[in-house]
Amino acid sequence: MRRDIFQAIADPTRRAIIALVAIQAMTPNAISEHFNSTRQTISRHLKILTECQLVKQEHRGREIYYQLELNKMKEIDKWLEQFRIIWETRYSQLDNLLLTIQNKKKQ
């Protein structure tokens with residue numbers, strides 16, 4: 001089953017894993033130390049994140065390190081930008097309305 005990036009980031013544990021590997025590449029064992037979950041559960045989350053290309057694996061000797069895939073994060077950011085613009089416009093309109101009301105009260 002192929003998941004999309006939004007299904008991947010819907011889970012709070014996966015979002016926390018993304019935050020961890022955004023700081024530095026980490027092994028599954030190092031990642032699992034930050035959670036009250038089994039190593040197998042973290043591995044399943046990492047598999048989903050890898051399938052969705054939100055993290056990538058790097059082999060260093062016998063260890064596998066996971067690191068953030070910035071291009072996929074940019075894809076999420078691009079999709080969110082449309083909503084950012086809508087909300088910023090609404091906040092600006094609200095600011096203008098509140099300033100108008102405040103100025104009328106001063107008069």
# chains A, B, ... in the order shown; residues from 1 in each chain; ligands from 1
call {"tool": "residues_around", "arguments": {"residues": "range 29-46 of chain A", "least_positions_apart": "3", "cutoff": "8 Å", "atoms": "only C-alpha atoms", "output": "list in words"}}
result
Thr13, Arg14, Ile17, Leu20, Met26, Leu49, Thr50 and Val55 of chain A
call {"tool": "closest_residue", "arguments": {"among": "A:Tyr66, A:Lys72, A:Ile85, A:Gln93", "to": "Gln53 in chain A", "atoms": "only C-alpha atoms"}}
result
A:Lys72
call {"tool": "atom_distance", "arguments": {"atom1": "CA of Ala19 in chain A", "atom2": "CA of Gly61 in chain A"}}
result
24.5 Å
call {"tool": "atom_distance", "arguments": {"atom1": "CA of Glu81 in chain A", "atom2": "CA of Gln7 in chain A"}}
result
18.4 Å
call {"tool": "select_by_dssp", "arguments": {"residues": "chain A", "states": "strand (DSSP E or B)", "output": "short mmCIF file (atom, residue, chain, number, x, y, z; two decimals) with N, CA and C atoms, in the first residue's frame"}}
result
data_model
loop_
_atom_site.label_atom_id
_atom_site.label_comp_id
_atom_site.auth_asym_id
_atom_site.auth_seq_id
_atom_site.Cartn_x
_atom_site.Cartn_y
_atom_site.Cartn_z
N MET A 26 20.16 9.90 12.46
CA MET A 26 20.13 9.02 13.63
C MET A 26 19.85 7.60 13.21
N VAL A 55 12.07 10.71 4.79
CA VAL A 55 13.42 10.46 5.32
C VAL A 55 14.14 9.56 4.34
N LYS A 56 15.45 9.62 4.39
CA LYS A 56 16.25 8.73 3.55
C LYS A 56 17.27 8.02 4.41
N GLN A 57 17.66 6.85 3.94
CA GLN A 57 18.62 6.03 4.66
C GLN A 57 20.02 6.28 4.12
N GLU A 58 20.97 6.25 5.04
CA GLU A 58 22.38 6.32 4.65
C GLU A 58 23.11 5.22 5.40
N HIS A 59 23.74 4.34 4.67
CA HIS A 59 24.49 3.25 5.29
C HIS A 59 25.89 3.73 5.64
N ARG A 60 26.24 3.56 6.90
CA ARG A 60 27.59 3.89 7.39
C ARG A 60 28.12 2.65 8.10
N GLU A 63 25.75 0.28 10.27
CA GLU A 63 24.62 1.06 10.76
C GLU A 63 23.87 1.74 9.62
N ILE A 64 22.59 1.92 9.84
CA ILE A 64 21.75 2.70 8.93
C ILE A 64 21.35 3.96 9.67
N TYR A 65 21.58 5.08 9.05
CA TYR A 65 21.20 6.38 9.62
C TYR A 65 20.06 6.95 8.79
N TYR A 66 19.12 7.54 9.48
CA TYR A 66 17.99 8.19 8.82
C TYR A 66 18.15 9.69 8.93
N GLN A 67 17.89 10.36 7.83
CA GLN A 67 17.95 11.82 7.82
C GLN A 67 16.78 12.38 7.03
N LEU A 68 16.47 13.61 7.31
CA LEU A 68 15.33 14.27 6.69
C LEU A 68 15.57 14.50 5.20
#
call {"tool": "select_by_dssp", "arguments": {"residues": "chain A", "states": "helix (DSSP H, G or I)", "output": "MDAnalysis selection string"}}
result
chainID A and resid 5:9 12:23 28:32 39:51 70:106
call {"tool": "atom_distance", "arguments": {"atom1": "CA of Leu54 in chain A", "atom2": "CA of Val21 in chain A"}}
result
10.3 Å
call {"tool": "closest_residue", "arguments": {"among": "A:Gln82, A:Thr89, A:Ile48, A:Glu69", "to": "Ala25 in chain A", "atoms": "only C-alpha atoms"}}
result
A:Glu69
call {"tool": "closest_residue", "arguments": {"among": "A:Asp11, A:Phe6, A:Thr100, A:Gln24", "to": "Asp77 in chain A", "atoms": "only C-alpha atoms"}}
result
A:Phe6
